[in-house]
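Encoded as structure tokens, the structure appears first; notes follow it.
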Amino acid sequence: MPVSNWTEADSNRAQQIWSEYEHQHDLSEKAGQTAGIDPASGRIWFGQSIQDVVAQRDAAPSEAPLFFVRVGSATYYRKGGHR
């Protein structure tokens, strides 16, 4: 796999693509799924996990680095415990 030169601009573009997609599509049936966004092409893959999305991307075939979001959630993963 090639080395990624991911930038903050890539993250911003992916978030913009995702925001526009959310406003244009009903995602209620995809809540909880993983979405992988390619900021260069604007393509979005959906799956049950990051691994599932990457497998779909690889089958495309594509090696584009992806930005991941959890559909219906403000964060993909939050680590922390209760004390």
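Letters A, B, ... mark the chains of the structure tokens in the order given; residue numbers begin at 1 per chain; ligand numbers begin at 1, in order shown.
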
Need the shell around Ser73 in chain A: protein/DNA/RNA residues with any atom at most 12 Å away, counting only C-alpha atoms. Skip same-chain ones fewer than 4 positions apart. Format as a list in words?
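Contacts, with the query itself left out: Glu22, Leu27, Ser28, Lys30, Ala31, Gly32, Gln33, Thr34, Ala35, Phe68, Val69, Tyr77 and Arg78 of chain A.
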
List the neighbours of Gly42 in chain A out to 9 Å using only C-alpha atoms; skip same-chain residues closer than 3 positions along the sequence, and give me the result as a PyMOL selection string.
chain A and resi 13-14+17-18+37-39

Would you export the selected residues with N, CA, C and O atoms as a PDB file, in the first residue's frame, please?
```
ATOM      1  N   ARG A  13     -12.272  18.417   3.230  1.00  0.00           N
ATOM      2  CA  ARG A  13     -13.027  18.092   2.007  1.00  0.00           C
ATOM      3  C   ARG A  13     -13.923  16.882   2.244  1.00  0.00           C
ATOM      4  O   ARG A  13     -15.087  16.882   1.838  1.00  0.00           O
ATOM      5  N   ALA A  14     -13.420  15.860   2.918  1.00  0.00           N
ATOM      6  CA  ALA A  14     -14.225  14.672   3.211  1.00  0.00           C
ATOM      7  C   ALA A  14     -15.415  15.030   4.095  1.00  0.00           C
ATOM      8  O   ALA A  14     -16.534  14.554   3.867  1.00  0.00           O
ATOM      9  N   ILE A  17     -17.977  16.756   1.914  1.00  0.00           N
ATOM     10  CA  ILE A  17     -18.680  15.767   1.085  1.00  0.00           C
ATOM     11  C   ILE A  17     -19.728  15.047   1.919  1.00  0.00           C
ATOM     12  O   ILE A  17     -20.876  14.873   1.501  1.00  0.00           O
ATOM     13  N   TRP A  18     -19.339  14.634   3.131  1.00  0.00           N
ATOM     14  CA  TRP A  18     -20.255  13.900   3.998  1.00  0.00           C
ATOM     15  C   TRP A  18     -21.442  14.767   4.406  1.00  0.00           C
ATOM     16  O   TRP A  18     -22.593  14.319   4.402  1.00  0.00           O
ATOM     17  N   ILE A  37     -15.141   7.847   3.103  1.00  0.00           N
ATOM     18  CA  ILE A  37     -15.241   8.910   2.110  1.00  0.00           C
ATOM     19  C   ILE A  37     -13.881   9.160   1.473  1.00  0.00           C
ATOM     20  O   ILE A  37     -12.897   9.389   2.168  1.00  0.00           O
ATOM     21  N   ASP A  38     -13.853   9.136   0.145  1.00  0.00           N
ATOM     22  CA  ASP A  38     -12.651   9.472  -0.623  1.00  0.00           C
ATOM     23  C   ASP A  38     -12.747  10.957  -0.973  1.00  0.00           C
ATOM     24  O   ASP A  38     -13.597  11.356  -1.764  1.00  0.00           O
ATOM     25  N   PRO A  39     -11.914  11.808  -0.363  1.00  0.00           N
ATOM     26  CA  PRO A  39     -12.022  13.252  -0.608  1.00  0.00           C
ATOM     27  C   PRO A  39     -11.642  13.662  -2.026  1.00  0.00           C
ATOM     28  O   PRO A  39     -12.080  14.701  -2.503  1.00  0.00           O
TER      29      PRO A  39
END
```

DSSP-assigned alpha helix (DSSP H) members of chain A, reported as a VMD selection string
chain A and resid 8 to 24 50 to 59

Mind pulling up the distance from CA of Pro65 in chain A to CA of Asn5 in chain A?
9.0 Å

As a check of understanding: the span from CA of Tyr76 in chain A to CA of Pro61 in chain A is 24.9 Å
